[in-house]
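Structure data follow from target_10.tsv (TSV, C-alpha atoms):
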```
chain	number	residue	atom	x	y	z
A	1	MET	CA	-39.12	-105.37	99.76
A	2	THR	CA	-35.37	-105.90	99.32
A	3	ASP	CA	-33.82	-108.69	97.31
A	4	THR	CA	-32.89	-110.45	100.54
A	5	GLU	CA	-36.25	-110.02	102.28
A	6	LEU	CA	-36.80	-113.28	104.12
A	7	THR	CA	-40.04	-115.21	104.26
A	8	SER	CA	-41.05	-117.94	106.68
A	9	SER	CA	-39.71	-120.54	104.26
A	10	ASP	CA	-36.34	-118.79	104.26
A	11	PHE	CA	-36.22	-119.20	108.03
A	12	THR	CA	-37.01	-122.89	107.67
A	13	GLU	CA	-34.44	-123.53	104.98
A	14	SER	CA	-31.48	-121.64	106.47
A	15	ALA	CA	-28.88	-124.23	107.44
A	16	GLU	CA	-26.46	-121.99	109.36
A	17	PRO	CA	-26.70	-118.52	110.88
A	18	PHE	CA	-23.80	-116.57	109.38
A	19	ARG	CA	-25.14	-116.49	105.82
A	20	LEU	CA	-28.45	-115.26	107.19
A	21	PHE	CA	-26.73	-112.61	109.32
A	22	ALA	CA	-24.68	-111.42	106.32
A	23	ALA	CA	-27.87	-110.99	104.26
A	24	TRP	CA	-29.60	-109.04	107.03
A	25	LEU	CA	-26.57	-106.82	107.63
A	26	LYS	CA	-26.41	-106.07	103.91
A	27	ASP	CA	-30.05	-104.97	104.01
A	28	ALA	CA	-29.43	-102.88	107.12
A	29	THR	CA	-26.45	-101.18	105.51
A	30	ALA	CA	-28.73	-100.08	102.68
A	31	SER	CA	-31.70	-99.04	104.83
A	32	GLU	CA	-30.54	-97.82	108.23
A	33	PRO	CA	-30.04	-94.03	108.47
A	34	ASN	CA	-27.06	-94.34	110.82
A	35	ASP	CA	-24.67	-97.02	112.12
A	36	PRO	CA	-26.11	-100.31	110.80
A	37	THR	CA	-23.35	-102.10	112.72
A	38	ALA	CA	-24.47	-100.65	116.08
A	39	LEU	CA	-25.30	-103.23	118.72
A	40	ALA	CA	-26.21	-103.36	122.38
A	41	LEU	CA	-23.47	-105.19	124.27
A	42	ALA	CA	-24.44	-106.86	127.55
A	43	THR	CA	-22.07	-107.93	130.32
A	44	VAL	CA	-22.31	-108.47	134.08
A	45	ASP	CA	-20.28	-106.92	136.90
A	46	THR	CA	-18.73	-108.70	139.88
A	47	ASP	CA	-22.08	-108.60	141.71
A	48	GLY	CA	-23.85	-110.23	138.78
A	49	LEU	CA	-25.65	-106.98	137.90
A	50	PRO	CA	-26.22	-106.68	134.14
A	51	ASP	CA	-24.63	-103.81	132.24
A	52	VAL	CA	-25.39	-102.76	128.66
A	53	ARG	CA	-24.13	-100.14	126.20
A	54	MET	CA	-23.95	-99.51	122.46
A	55	VAL	CA	-20.80	-100.41	120.50
A	56	LEU	CA	-20.01	-101.00	116.82
A	57	LEU	CA	-19.39	-104.34	115.16
A	58	LYS	CA	-16.02	-104.27	113.42
A	59	GLY	CA	-15.99	-107.68	111.82
A	60	PHE	CA	-17.59	-111.10	111.74
A	61	ASP	CA	-17.06	-114.51	110.20
A	62	GLU	CA	-17.88	-118.10	111.07
A	63	HIS	CA	-15.72	-117.77	114.20
A	64	GLY	CA	-17.68	-114.91	115.76
A	65	PHE	CA	-18.42	-111.21	116.11
A	66	VAL	CA	-15.64	-108.69	116.81
A	67	PHE	CA	-15.62	-105.29	118.51
A	68	TYR	CA	-12.80	-103.19	120.00
A	69	THR	CA	-12.43	-101.33	123.27
A	70	ASN	CA	-10.21	-100.16	126.09
A	71	PHE	CA	-9.68	-103.24	128.27
A	72	GLU	CA	-9.54	-100.97	131.34
A	73	SER	CA	-13.08	-99.69	130.65
A	74	ALA	CA	-16.10	-101.03	132.53
A	75	LYS	CA	-17.02	-103.39	129.69
A	76	GLY	CA	-13.41	-104.47	129.29
A	77	ARG	CA	-13.03	-105.33	132.97
A	78	GLU	CA	-16.39	-107.09	133.10
A	79	ILE	CA	-15.66	-109.23	130.06
A	80	LEU	CA	-12.17	-110.13	131.25
A	81	ALA	CA	-13.65	-111.27	134.57
A	82	THR	CA	-16.18	-113.65	132.98
A	83	MET	CA	-15.14	-114.08	129.33
A	84	LYS	CA	-18.85	-114.18	128.44
A	85	ALA	CA	-21.12	-111.59	126.80
A	86	ALA	CA	-24.23	-111.05	124.70
A	87	MET	CA	-25.13	-108.61	121.94
A	88	CYS	CA	-28.31	-107.48	120.22
A	89	PHE	CA	-28.69	-105.82	116.82
A	90	HIS	CA	-31.95	-103.95	116.22
A	91	TRP	CA	-32.66	-102.64	112.73
A	92	LYS	CA	-35.83	-100.61	113.19
A	93	SER	CA	-36.26	-99.73	109.52
A	94	LEU	CA	-36.38	-103.45	108.68
A	95	ARG	CA	-38.24	-104.56	111.82
A	96	ARG	CA	-35.54	-107.12	112.50
A	97	GLN	CA	-33.44	-108.11	115.47
A	98	VAL	CA	-30.53	-110.49	116.00
A	99	ARG	CA	-29.39	-111.70	119.43
A	100	VAL	CA	-25.99	-113.33	120.00
A	101	ARG	CA	-24.59	-114.84	123.19
A	102	GLY	CA	-21.60	-116.96	124.08
A	103	PRO	CA	-18.04	-117.10	125.38
A	104	VAL	CA	-15.55	-114.39	124.50
A	105	GLU	CA	-11.98	-114.57	123.26
A	106	ILE	CA	-9.40	-111.84	122.73
A	107	VAL	CA	-8.40	-111.16	119.13
A	108	THR	CA	-4.78	-111.60	118.13
A	109	ASP	CA	-2.32	-108.70	118.39
A	110	ALA	CA	-2.05	-108.75	114.60
A	111	GLU	CA	-5.82	-108.33	114.22
A	112	ALA	CA	-5.90	-105.50	116.77
A	113	ASP	CA	-2.91	-103.73	115.20
A	114	GLU	CA	-4.42	-103.98	111.73
A	115	TYR	CA	-7.74	-102.50	112.82
A	116	PHE	CA	-6.15	-99.80	115.02
A	117	ALA	CA	-4.13	-98.59	112.03
A	118	THR	CA	-7.36	-97.93	110.09
A	119	ARG	CA	-8.82	-95.60	112.73
A	120	PRO	CA	-8.64	-91.83	112.17
A	121	ARG	CA	-5.56	-90.25	113.75
A	122	GLY	CA	-7.72	-88.40	116.29
A	123	SER	CA	-9.33	-91.65	117.40
A	124	ARG	CA	-5.93	-93.26	117.87
A	125	ILE	CA	-4.84	-90.30	120.01
A	126	GLY	CA	-8.07	-90.62	121.96
A	127	ALA	CA	-7.35	-94.26	122.75
A	128	TRP	CA	-4.23	-93.10	124.60
A	129	ALA	CA	-5.75	-90.01	126.20
A	130	SER	CA	-8.99	-91.45	127.58
A	131	LYS	CA	-9.03	-93.34	130.88
A	132	GLN	CA	-12.30	-94.85	129.74
A	133	SER	CA	-15.12	-95.27	132.29
A	134	ARG	CA	-13.14	-93.67	135.13
A	135	PRO	CA	-14.05	-90.37	136.81
A	136	LEU	CA	-13.09	-87.25	134.82
A	137	GLU	CA	-12.43	-84.13	136.90
A	138	SER	CA	-13.17	-81.74	134.02
A	139	ARG	CA	-13.46	-81.55	130.25
A	140	PHE	CA	-10.26	-79.52	130.30
A	141	ALA	CA	-8.37	-82.46	131.79
A	142	LEU	CA	-9.38	-84.63	128.83
A	143	GLU	CA	-8.49	-81.93	126.31
A	144	LYS	CA	-5.13	-81.47	128.01
A	145	ALA	CA	-4.41	-85.21	127.76
A	146	VAL	CA	-5.35	-85.17	124.07
A	147	ALA	CA	-3.00	-82.24	123.49
A	148	GLU	CA	-0.16	-83.99	125.31
A	149	TYR	CA	-0.48	-87.21	123.31
A	150	THR	CA	-0.87	-85.25	120.08
A	151	ALA	CA	2.42	-83.49	120.83
A	152	ARG	CA	4.12	-86.85	121.44
A	153	HIS	CA	2.98	-88.15	118.06
A	154	VAL	CA	3.39	-85.16	115.75
A	155	VAL	CA	4.98	-87.37	113.12
A	156	GLY	CA	5.04	-91.08	112.46
A	157	GLU	CA	2.62	-93.82	113.28
A	158	ILE	CA	0.69	-93.93	116.54
A	159	PRO	CA	1.16	-97.34	118.18
A	160	ARG	CA	-1.77	-99.25	119.66
A	161	PRO	CA	-2.00	-98.86	123.45
A	162	PRO	CA	-1.28	-102.14	125.28
A	163	HIS	CA	-4.64	-101.87	127.06
A	164	TRP	CA	-6.63	-101.44	123.83
A	165	SER	CA	-7.65	-104.45	121.76
A	166	GLY	CA	-10.60	-106.48	120.54
A	167	PHE	CA	-13.00	-109.10	121.78
A	168	ARG	CA	-14.69	-111.80	119.73
A	169	ILE	CA	-17.97	-113.28	120.90
A	170	VAL	CA	-17.93	-116.91	119.80
A	171	PRO	CA	-21.65	-117.58	119.60
A	172	SER	CA	-23.23	-120.49	121.37
A	173	GLN	CA	-26.63	-119.14	120.29
A	174	ILE	CA	-27.83	-116.77	117.56
A	175	GLU	CA	-31.50	-115.81	117.40
A	176	PHE	CA	-33.17	-114.06	114.46
A	177	TRP	CA	-36.40	-112.11	115.01
A	178	HIS	CA	-38.59	-110.71	112.24
A	179	ASP	CA	-41.66	-108.58	112.88
A	180	ARG	CA	-44.98	-110.05	111.73
A	181	PRO	CA	-48.56	-108.71	112.00
A	182	PHE	CA	-50.39	-108.90	115.33
A	183	ARG	CA	-47.13	-109.64	117.18
A	184	LEU	CA	-47.02	-113.14	115.71
A	185	HIS	CA	-43.34	-112.65	114.96
A	186	ASP	CA	-40.95	-115.07	113.30
A	187	ARG	CA	-38.23	-116.29	115.66
A	188	ILE	CA	-35.58	-118.86	114.88
A	189	VAL	CA	-32.67	-119.76	117.13
A	190	PHE	CA	-29.46	-121.51	116.14
A	191	THR	CA	-27.68	-123.36	118.98
A	192	ARG	CA	-24.11	-124.62	118.66
A	193	THR	CA	-23.81	-128.40	118.96
A	194	ALA	CA	-20.97	-130.38	120.51
A	195	ASP	CA	-19.51	-131.15	117.08
A	196	GLY	CA	-19.42	-127.46	116.10
A	197	GLY	CA	-22.51	-127.57	113.93
A	198	TRP	CA	-25.85	-125.85	114.49
A	199	GLU	CA	-29.18	-127.03	115.80
A	200	LYS	CA	-32.12	-124.90	114.68
A	201	ASP	CA	-35.45	-124.33	116.41
A	202	ARG	CA	-38.42	-122.10	115.75
A	203	LEU	CA	-39.71	-120.28	118.85
A	204	TYR	CA	-43.13	-119.01	119.80
A	205	PRO	CA	-43.27	-115.21	119.47
```
Could you render the structure as structure tokens?
Amino acid sequence: MTDTELTSSDFTESAEPFRLFAAWLKDATASEPNDPTALALATVDTDGLPDVRMVLLKGFDEHGFVFYTNFESAKGREILATMKAAMCFHWKSLRRQVRVRGPVEIVTDAEADEYFATRPRGSRIGAWASKQSRPLESRFALEKAVAEYTARHVVGEIPRPPHWSGFRIVPSQIEFWHDRPFRLHDRIVFTRTADGGWEKDRLYP
């Protein structure tokens, strides 16, 4: 049991969700064998058909949960069309899950530039070279594009592409799920109130 293992009373006493999420993410960082910040991101297309894929969380605070992507990708286009999304973290080693849903906002250019500058040089080249989610005629075509952009940026900083930035899910709901024996799991959901606070409810498993 970790120092931040949560009991039923912890669920009852938690006043807001971000402190609880921070504690769980800390545990996941120590226990998960790979990518504790991985999450399933759900969107819908123009026909209302759900779409889901794995991305990495790149930051969070009391304002929301941030990830970055090519805005011309499938997820980018779908989010820009609705400005709504949902995400789910599943930490199997801890038998825990967190679900987040709500409206989406675009991060500031300063935030996107700051994060882009921390990416490995190859990843920054890739952001220019990849026409994400669109048909690729051959692997060679991608490698050729990477070579071309590498040649353009032999020296100096690589600027952030104008179509590459970040989204922030501003949660209207955050649900915490904790495995319990006989599938009698702990579930608590925080719902944003009109005044910006949180209403908390326990759910049947």
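Counting all atoms listed in the file and comparing A:Lys200, A:Arg101, A:Arg139, A:Arg119, the residue that lies closest to Gln173 (chain A) is A:Arg101.
Closest approach to Asp113 (chain A) from the set A:Ile158, A:Leu25, A:Val98, A:Ala145 is made by A:Ile158, with distances taken over only C-alpha atoms.
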Would you give me, as a Markdown table, each residue of region 103-153 of chain A having an atom within 12 Å of an atom of region 64-82 of chain A, along with its shortest atom pair and that distance in Å to one decimal, using all atoms listed in the file and sorting by chain and residue number?
```
| residue | atom | partner | partner_atom | distance |
| --- | --- | --- | --- | --- |
| A:Pro103 | CA | A:Thr82 | CA | 8.6 |
| A:Val104 | CA | A:Ile79 | CA | 7.6 |
| A:Glu105 | CA | A:Leu80 | CA | 9.1 |
| A:Ile106 | CA | A:Leu80 | CA | 9.1 |
| A:Val107 | CA | A:Val66 | CA | 8.0 |
| A:Thr108 | CA | A:Val66 | CA | 11.3 |
| A:Asp109 | CA | A:Tyr68 | CA | 11.9 |
| A:Glu111 | CA | A:Val66 | CA | 10.2 |
| A:Ala112 | CA | A:Tyr68 | CA | 8.0 |
| A:Asp113 | CA | A:Tyr68 | CA | 11.0 |
| A:Glu114 | CA | A:Tyr68 | CA | 11.8 |
| A:Tyr115 | CA | A:Tyr68 | CA | 8.8 |
| A:Phe116 | CA | A:Tyr68 | CA | 9.0 |
| A:Arg119 | CA | A:Tyr68 | CA | 11.2 |
| A:Ser123 | CA | A:Thr69 | CA | 11.7 |
| A:Arg124 | CA | A:Asn70 | CA | 11.6 |
| A:Gly126 | CA | A:Asn70 | CA | 10.6 |
| A:Ala127 | CA | A:Asn70 | CA | 7.4 |
| A:Trp128 | CA | A:Asn70 | CA | 9.4 |
| A:Ala129 | CA | A:Asn70 | CA | 11.1 |
| A:Ser130 | CA | A:Asn70 | CA | 8.9 |
| A:Lys131 | CA | A:Ser73 | CA | 7.5 |
| A:Gln132 | CA | A:Ser73 | CA | 5.0 |
| A:Ser133 | CA | A:Ser73 | CA | 5.1 |
| A:Arg134 | CA | A:Ser73 | CA | 7.5 |
| A:Pro135 | CA | A:Ser73 | CA | 11.2 |
```
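If you measure from each of A:Trp177, A:Phe60, A:Tyr204, A:Trp91 to Asp27 (chain A) using all atoms listed in the file, the closest one turns out to be A:Trp91.
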Computed gap from CA of Phe176 (chain A) to CA of Glu32 (chain A) is 17.6 Å
Polymer residues at most 6 Å from Val189 (chain A), all atoms listed in the file, same-chain spacing of 2 or more positions, as a VMD selection string = chain A and resid 174 to 175 200 to 201
Using all atoms listed in the file, the best pick from A:Val52, A:Cys88, A:Ala15, A:Val154 as closest to Thr37 (chain A) would be A:Cys88
From CA of Phe167 (chain A) to CA of Lys144 (chain A) the spacing works out at 29.4 Å
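Note that the spacing between CA of Phe21 (chain A) and CA of Gly59 (chain A) amounts to 12.1 Å.
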Report task. Name the residues in contact with Arg53 (chain A) at a cut-off of 7 Å, using all atoms listed in the file, excluding same-chain residues fewer than 4 positions from it; report them as a ChimeraX atom specification. Result -> /A:40-42
So that I can check the surroundings of Arg95 (chain A), please list as a ChimeraX atom specification every protein, DNA and RNA residue that reaches within 10 Å of it, counting all atoms listed in the file and ignoring chain neighbours fewer than 2 positions away. /A:90-93,97,177-180
Can those selected residues be exported to a file as a PDB file, in the frame of the given file so that it contains C-alpha atoms?
```pdb
ATOM      1  CA  HIS A  90     -31.950-103.950 116.220  1.00  0.00           C
ATOM      2  CA  TRP A  91     -32.660-102.640 112.730  1.00  0.00           C
ATOM      3  CA  LYS A  92     -35.830-100.610 113.190  1.00  0.00           C
ATOM      4  CA  SER A  93     -36.260 -99.730 109.520  1.00  0.00           C
ATOM      5  CA  GLN A  97     -33.440-108.110 115.470  1.00  0.00           C
ATOM      6  CA  TRP A 177     -36.400-112.110 115.010  1.00  0.00           C
ATOM      7  CA  HIS A 178     -38.590-110.710 112.240  1.00  0.00           C
ATOM      8  CA  ASP A 179     -41.660-108.580 112.880  1.00  0.00           C
ATOM      9  CA  ARG A 180     -44.980-110.050 111.730  1.00  0.00           C
TER      10      ARG A 180
END
```
Find the smallest box with edges along x, y and z containing every listed atom of region 187-203 of chain A, then add 5 Å on each side and report centre and edge lengths in Å to one decimal, as AutoDock Vina command-line options.
```
--center_x -29.6 --center_y -123.7 --center_z 117.2 --size_x 30.3 --size_y 24.9 --size_z 16.6
```
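In this comparison, which uses only C-alpha atoms, the residue of A:Phe89, A:Ala117, A:Met54, A:His63 approaching Pro36 (chain A) most closely is A:Phe89.
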Min atom-atom distance to Gly197 (chain A) from the set A:His153, A:Ala23, A:Ser172, A:Thr118, counting all atoms listed in the file, belongs to A:Ser172
Supply region 165-178 of chain A as a compact mmCIF listing (two decimals), keeping the file's coordinate frame, with N, CA and C atoms built in where the input has gaps.
```txt
# COMPACT_ATOMS: atom_id res chain seq x y z
N SER A 165 -7.65 -103.33 122.70
CA SER A 165 -7.65 -104.45 121.76
C SER A 165 -9.09 -104.84 121.45
N GLY A 166 -9.27 -106.05 120.96
CA GLY A 166 -10.60 -106.48 120.54
C GLY A 166 -11.06 -107.75 121.22
N PHE A 167 -12.37 -107.89 121.29
CA PHE A 167 -13.00 -109.10 121.78
C PHE A 167 -13.80 -109.74 120.65
N ARG A 168 -13.86 -111.06 120.68
CA ARG A 168 -14.69 -111.80 119.73
C ARG A 168 -15.68 -112.65 120.52
N ILE A 169 -16.97 -112.39 120.32
CA ILE A 169 -17.97 -113.28 120.90
C ILE A 169 -18.10 -114.49 119.98
N VAL A 170 -17.82 -115.65 120.54
CA VAL A 170 -17.93 -116.91 119.80
C VAL A 170 -19.31 -117.47 120.12
N PRO A 171 -20.26 -117.33 119.22
CA PRO A 171 -21.65 -117.58 119.60
C PRO A 171 -21.96 -119.03 119.93
N SER A 172 -22.64 -119.20 121.05
CA SER A 172 -23.23 -120.49 121.37
C SER A 172 -24.69 -120.50 120.92
N GLN A 173 -25.28 -119.29 120.81
CA GLN A 173 -26.63 -119.14 120.29
C GLN A 173 -26.74 -117.86 119.45
N ILE A 174 -27.50 -117.94 118.37
CA ILE A 174 -27.83 -116.77 117.56
C ILE A 174 -29.32 -116.85 117.25
N GLU A 175 -30.05 -115.82 117.65
CA GLU A 175 -31.50 -115.81 117.40
C GLU A 175 -31.86 -114.68 116.43
N PHE A 176 -32.67 -115.02 115.43
CA PHE A 176 -33.17 -114.06 114.46
C PHE A 176 -34.65 -113.81 114.73
N TRP A 177 -35.02 -112.53 114.75
CA TRP A 177 -36.40 -112.11 115.01
C TRP A 177 -36.85 -111.21 113.88
N HIS A 178 -38.05 -111.49 113.35
CA HIS A 178 -38.59 -110.71 112.24
C HIS A 178 -40.02 -110.35 112.57
```
